[in-house]
$ cat entry.cif   # mmCIF, C-alpha atoms, pLDDT in the B column; chains and numbers go by the auth columns
data_model
loop_
_atom_site.group_PDB
_atom_site.id
_atom_site.type_symbol
_atom_site.label_atom_id
_atom_site.label_comp_id
_atom_site.label_asym_id
_atom_site.label_seq_id
_atom_site.Cartn_x
_atom_site.Cartn_y
_atom_site.Cartn_z
_atom_site.B_iso_or_equiv
_atom_site.auth_seq_id
_atom_site.auth_asym_id
ATOM 1 C CA MET A 1 25.145 14.612 32.080 62.00 27 I
ATOM 2 C CA SER A 2 21.593 15.624 31.213 74.00 28 I
ATOM 3 C CA THR A 3 20.807 17.734 28.186 83.00 29 I
ATOM 4 C CA PRO A 4 19.221 21.170 28.722 80.00 30 I
ATOM 5 C CA PRO A 5 15.808 19.984 27.426 85.00 31 I
ATOM 6 C CA ALA A 6 15.921 16.972 29.756 89.00 32 I
ATOM 7 C CA VAL A 7 16.843 19.185 32.724 89.00 33 I
ATOM 8 C CA ALA A 8 14.046 21.625 31.867 89.00 34 I
ATOM 9 C CA GLN A 9 11.547 18.763 31.640 94.00 35 I
ATOM 10 C CA ARG A 10 12.732 17.302 34.958 95.00 36 I
ATOM 11 C CA ARG A 11 12.517 20.694 36.664 92.00 37 I
ATOM 12 C CA GLY A 12 9.007 21.131 35.319 94.00 38 I
ATOM 13 C CA ASN A 13 8.030 17.715 36.670 95.00 39 I
ATOM 14 C CA VAL A 14 9.561 18.543 40.061 95.00 40 I
ATOM 15 C CA ARG A 15 7.656 21.829 40.128 93.00 41 I
ATOM 16 C CA ARG A 16 4.365 20.112 39.192 95.00 42 I
ATOM 17 C CA LEU A 17 4.781 17.364 41.804 95.00 43 I
ATOM 18 C CA THR A 18 5.814 19.895 44.447 94.00 44 I
ATOM 19 C CA ALA A 19 2.633 21.880 43.708 94.00 45 I
ATOM 20 C CA GLN A 20 0.673 18.658 44.244 96.00 46 I
ATOM 21 C CA GLY A 21 2.121 18.479 47.754 95.00 47 I
ATOM 22 C CA LEU A 22 4.457 15.513 47.321 95.00 48 I
ATOM 23 C CA SER A 23 7.486 15.267 49.589 95.00 49 I
ATOM 24 C CA GLN A 24 11.020 15.402 48.231 95.00 50 I
ATOM 25 C CA ARG A 25 11.330 11.682 48.875 96.00 51 I
ATOM 26 C CA ALA A 26 8.109 10.920 46.973 96.00 52 I
ATOM 27 C CA ILE A 27 9.134 13.155 44.072 96.00 53 I
ATOM 28 C CA ALA A 28 12.543 11.489 43.916 96.00 54 I
ATOM 29 C CA ALA A 29 10.930 8.041 43.849 96.00 55 I
ATOM 30 C CA GLU A 30 8.367 9.119 41.225 95.00 56 I
ATOM 31 C CA LEU A 31 10.997 10.561 38.884 95.00 57 I
ATOM 32 C CA GLY A 32 13.814 8.118 39.643 96.00 58 I
ATOM 33 C CA ILE A 33 16.210 10.834 40.806 95.00 59 I
ATOM 34 C CA GLY A 34 17.974 11.622 44.065 95.00 60 I
ATOM 35 C CA ARG A 35 16.504 13.771 46.830 96.00 61 I
ATOM 36 C CA ASP A 36 19.407 16.205 46.424 96.00 62 I
ATOM 37 C CA THR A 37 18.418 16.705 42.784 96.00 63 I
ATOM 38 C CA VAL A 38 14.828 17.374 43.849 96.00 64 I
ATOM 39 C CA ARG A 39 16.020 19.883 46.451 96.00 65 I
ATOM 40 C CA ARG A 40 18.270 21.690 43.927 94.00 66 I
ATOM 41 C CA ASP A 41 15.450 21.809 41.374 93.00 67 I
ATOM 42 C CA GLN A 42 13.061 23.240 43.967 94.00 68 I
ATOM 43 C CA GLU A 43 15.640 25.859 44.960 92.00 69 I
ATOM 44 C CA TRP A 44 16.233 26.702 41.278 88.00 70 I
ATOM 45 C CA TRP A 45 12.615 27.781 40.867 85.00 71 I
ATOM 46 C CA GLN A 46 13.007 30.205 43.770 88.00 72 I
ATOM 47 C CA ILE A 47 15.830 32.133 42.070 90.00 73 I
ATOM 48 C CA PRO A 48 14.398 35.102 40.131 92.00 74 I
ATOM 49 C CA LEU A 49 14.413 34.622 36.355 90.00 75 I
ATOM 50 C CA GLY A 50 16.722 37.600 35.815 94.00 76 I
ATOM 51 C CA GLU A 51 19.308 36.075 38.134 93.00 77 I
ATOM 52 C CA ARG A 52 19.021 32.657 36.448 89.00 78 I
ATOM 53 C CA LEU A 53 19.509 34.252 33.017 92.00 79 I
ATOM 54 C CA ALA A 54 22.468 36.322 34.217 95.00 80 I
ATOM 55 C CA GLN A 55 24.116 33.243 35.730 92.00 81 I
ATOM 56 C CA ARG A 56 23.559 31.249 32.540 90.00 82 I
ATOM 57 C CA ALA A 57 25.126 34.062 30.486 95.00 83 I
ATOM 58 C CA ALA A 58 28.107 34.247 32.865 96.00 84 I
ATOM 59 C CA ASP A 59 28.595 30.461 32.754 95.00 85 I
ATOM 60 C CA THR A 60 28.390 30.496 28.952 94.00 86 I
ATOM 61 C CA ASP A 61 30.872 33.366 28.720 96.00 87 I
ATOM 62 C CA GLN A 62 33.305 31.398 30.857 97.00 88 I
ATOM 63 C CA ALA A 63 32.848 28.259 28.721 95.00 89 I
ATOM 64 C CA VAL A 64 33.439 30.190 25.484 95.00 90 I
ATOM 65 C CA ARG A 65 36.568 31.807 26.948 97.00 91 I
ATOM 66 C CA GLN A 66 37.833 28.383 28.056 97.00 92 I
ATOM 67 C CA ALA A 67 37.224 26.941 24.588 95.00 93 I
ATOM 68 C CA ARG A 68 39.147 29.834 23.039 96.00 94 I
ATOM 69 C CA ALA A 69 42.008 29.399 25.521 97.00 95 I
ATOM 70 C CA ALA A 70 42.134 25.654 24.837 96.00 96 I
ATOM 71 C CA ALA A 71 42.255 26.255 21.084 95.00 97 I
ATOM 72 C CA GLN A 72 45.022 28.822 21.520 96.00 98 I
ATOM 73 C CA SER A 73 46.994 26.480 23.767 96.00 99 I
ATOM 74 C CA ALA A 74 46.753 23.680 21.199 95.00 100 I
ATOM 75 C CA ALA A 75 47.818 26.076 18.432 95.00 101 I
ATOM 76 C CA ASP A 76 50.758 27.293 20.529 96.00 102 I
ATOM 77 C CA HIS A 77 51.976 23.704 20.926 96.00 103 I
ATOM 78 C CA ARG A 78 51.904 23.243 17.124 95.00 104 I
ATOM 79 C CA PRO A 79 50.927 19.541 17.221 94.00 105 I
ATOM 80 C CA ALA A 80 51.692 19.084 13.507 93.00 106 I
ATOM 81 C CA TYR A 81 55.368 19.648 14.302 95.00 107 I
ATOM 82 C CA VAL A 82 55.629 17.287 17.262 95.00 108 I
ATOM 83 C CA ILE A 83 57.295 13.964 16.596 96.00 109 I
ATOM 84 C CA THR A 84 55.025 11.202 17.869 96.00 110 I
ATOM 85 C CA ASP A 85 53.962 7.647 17.161 97.00 111 I
ATOM 86 C CA PRO A 86 51.269 6.862 14.546 97.00 112 I
ATOM 87 C CA GLU A 87 48.623 5.910 17.119 97.00 113 I
ATOM 88 C CA THR A 88 48.993 9.198 18.983 97.00 114 I
ATOM 89 C CA ALA A 89 49.060 11.119 15.704 97.00 115 I
ATOM 90 C CA ARG A 90 45.759 9.506 14.644 97.00 116 I
ATOM 91 C CA ARG A 91 44.205 10.229 18.039 97.00 117 I
ATOM 92 C CA TRP A 92 45.295 13.873 17.974 97.00 118 I
ATOM 93 C CA TYR A 93 43.991 14.285 14.444 97.00 119 I
ATOM 94 C CA GLU A 94 40.623 12.748 15.305 98.00 120 I
ATOM 95 C CA ASP A 95 40.340 14.780 18.521 97.00 121 I
ATOM 96 C CA LEU A 96 41.199 18.032 16.746 96.00 122 I
ATOM 97 C CA ARG A 97 38.754 17.358 13.886 97.00 123 I
ATOM 98 C CA ALA A 98 35.937 16.382 16.283 97.00 124 I
ATOM 99 C CA SER A 99 36.524 19.435 18.467 96.00 125 I
ATOM 100 C CA ALA A 100 36.682 21.714 15.435 95.00 126 I
ATOM 101 C CA ALA A 101 33.423 20.285 14.061 96.00 127 I
ATOM 102 C CA GLN A 102 31.705 20.718 17.413 95.00 128 I
ATOM 103 C CA LEU A 103 32.881 24.325 17.692 95.00 129 I
ATOM 104 C CA VAL A 104 31.783 25.118 14.116 95.00 130 I
ATOM 105 C CA ALA A 105 28.341 23.655 14.871 95.00 131 I
ATOM 106 C CA LEU A 106 28.084 25.790 18.029 92.00 132 I
ATOM 107 C CA ALA A 107 29.143 28.916 16.134 92.00 133 I
ATOM 108 C CA ASP A 108 26.535 28.204 13.447 92.00 134 I
ATOM 109 C CA GLN A 109 23.805 27.693 16.076 92.00 135 I
ATOM 110 C CA PHE A 110 24.825 30.960 17.673 91.00 136 I
ATOM 111 C CA ALA A 111 24.690 32.777 14.324 91.00 137 I
ATOM 112 C CA ASP A 112 21.188 31.379 13.725 91.00 138 I
ATOM 113 C CA HIS A 113 20.026 33.084 16.939 89.00 139 I
ATOM 114 C CA TYR A 114 22.192 36.200 16.614 91.00 140 I
ATOM 115 C CA PRO A 115 22.518 36.905 12.883 89.00 141 I
ATOM 116 C CA PHE A 116 23.860 40.406 13.596 87.00 142 I
ATOM 117 C CA ALA A 117 27.028 38.733 14.913 85.00 143 I
ATOM 118 C CA ARG A 118 27.997 38.164 11.259 80.00 144 I
ATOM 119 C CA ASP A 119 28.959 40.877 8.806 70.00 145 I
ATOM 120 C CA ALA A 120 27.207 41.499 5.463 59.00 146 I
ATOM 121 C CA GLU A 121 29.199 38.745 3.704 63.00 147 I
ATOM 122 C CA GLY A 122 28.226 36.172 6.337 60.00 148 I
ATOM 123 C CA GLU A 123 31.597 36.221 8.039 64.00 149 I
ATOM 124 C CA PRO A 124 32.030 36.780 11.777 60.00 150 I
ATOM 125 C CA SER A 125 32.195 40.425 12.731 57.00 151 I
ATOM 126 C CA CYS A 126 35.649 41.698 13.688 52.00 152 I
ATOM 127 C CA SER A 127 34.429 44.445 16.007 49.00 153 I
#

$ encode --input "entry.cif" --output "structure tokens"
Amino acid sequence: MSTPPAVAQRRGNVRRLTAQGLSQRAIAAELGIGRDTVRRDQEWWQIPLGERLAQRAADTDQAVRQARAAAQSAADHRPAYVITDPETARRWYEDLRASAAQLVALADQFADHYPFARDAEGEPSCS
């Protein structure tokens, strides 16, 4: 899966090459991507910015809700109290720690962009 900066760069390249009059096939060959990707990128530029931003916000809201639901589901299963073999226990521990670290990093990135989401003591707002 491409990172957002890589996708943005690719879309910019598709837009530039389209403006130069290249066909979808030529653009795909130039950038080493499929014609369907070129077509989707060209269509993406035709969606008004407000709609693109609204869709991105809706997709992000869904992802955050899914992350919260997954965390709640794991907590409800109380993995620390499940009898399992050592290999599975190690895997669960590593998966939980990695997921927790990733979520903390995302929350910190979010707080960097939206500092008002924290209260005066730097803790997440409860409202």

$ residues_around --input "entry.cif" --residues "segment 85-100 of chain I" --least-positions-apart "5" --cutoff "12 Å" --atoms "only C-alpha atoms" --output "list in words"
Arg78, Leu79, Ala80, Pro105, Ala106, Tyr107, Val108, Trp118, Tyr119, Asp121, Leu122, Arg123, Ser125, Ala126, Gln128, Leu129, Val130, Leu132, Ala133 and Phe136 of chain I

$ residues_around --input "entry.cif" --residues "segment 28-41 of chain I" --least-positions-apart "5" --cutoff "9 Å" --atoms "all atoms listed in the file" --output "PyMOL selection string"
chain I and resi 46+50+53-54+57+64+67-68+70-71

$ atom_distance --input "entry.cif" --atom1 "atom CA of Arg42 of chain I" --atom2 "atom CA of Glu69 of chain I"
13.9 Å

$ axis_aligned_box --input "entry.cif" --around "segment 95-101 of chain I" --padding-each-side "3 Å" --output "lines of an AutoDock Vina configuration file"
center_x = 44.9
center_y = 26.5
center_z = 22.0
size_x = 11.8
size_y = 11.7
size_z = 13.1

$ atom_distance --input "entry.cif" --atom1 "atom CA of Ile73 of chain I" --atom2 "atom CA of Ala45 of chain I"
16.8 Å

$ atom_distance --input "entry.cif" --atom1 "atom CA of Ser49 of chain I" --atom2 "atom CA of Arg65 of chain I"
10.2 Å
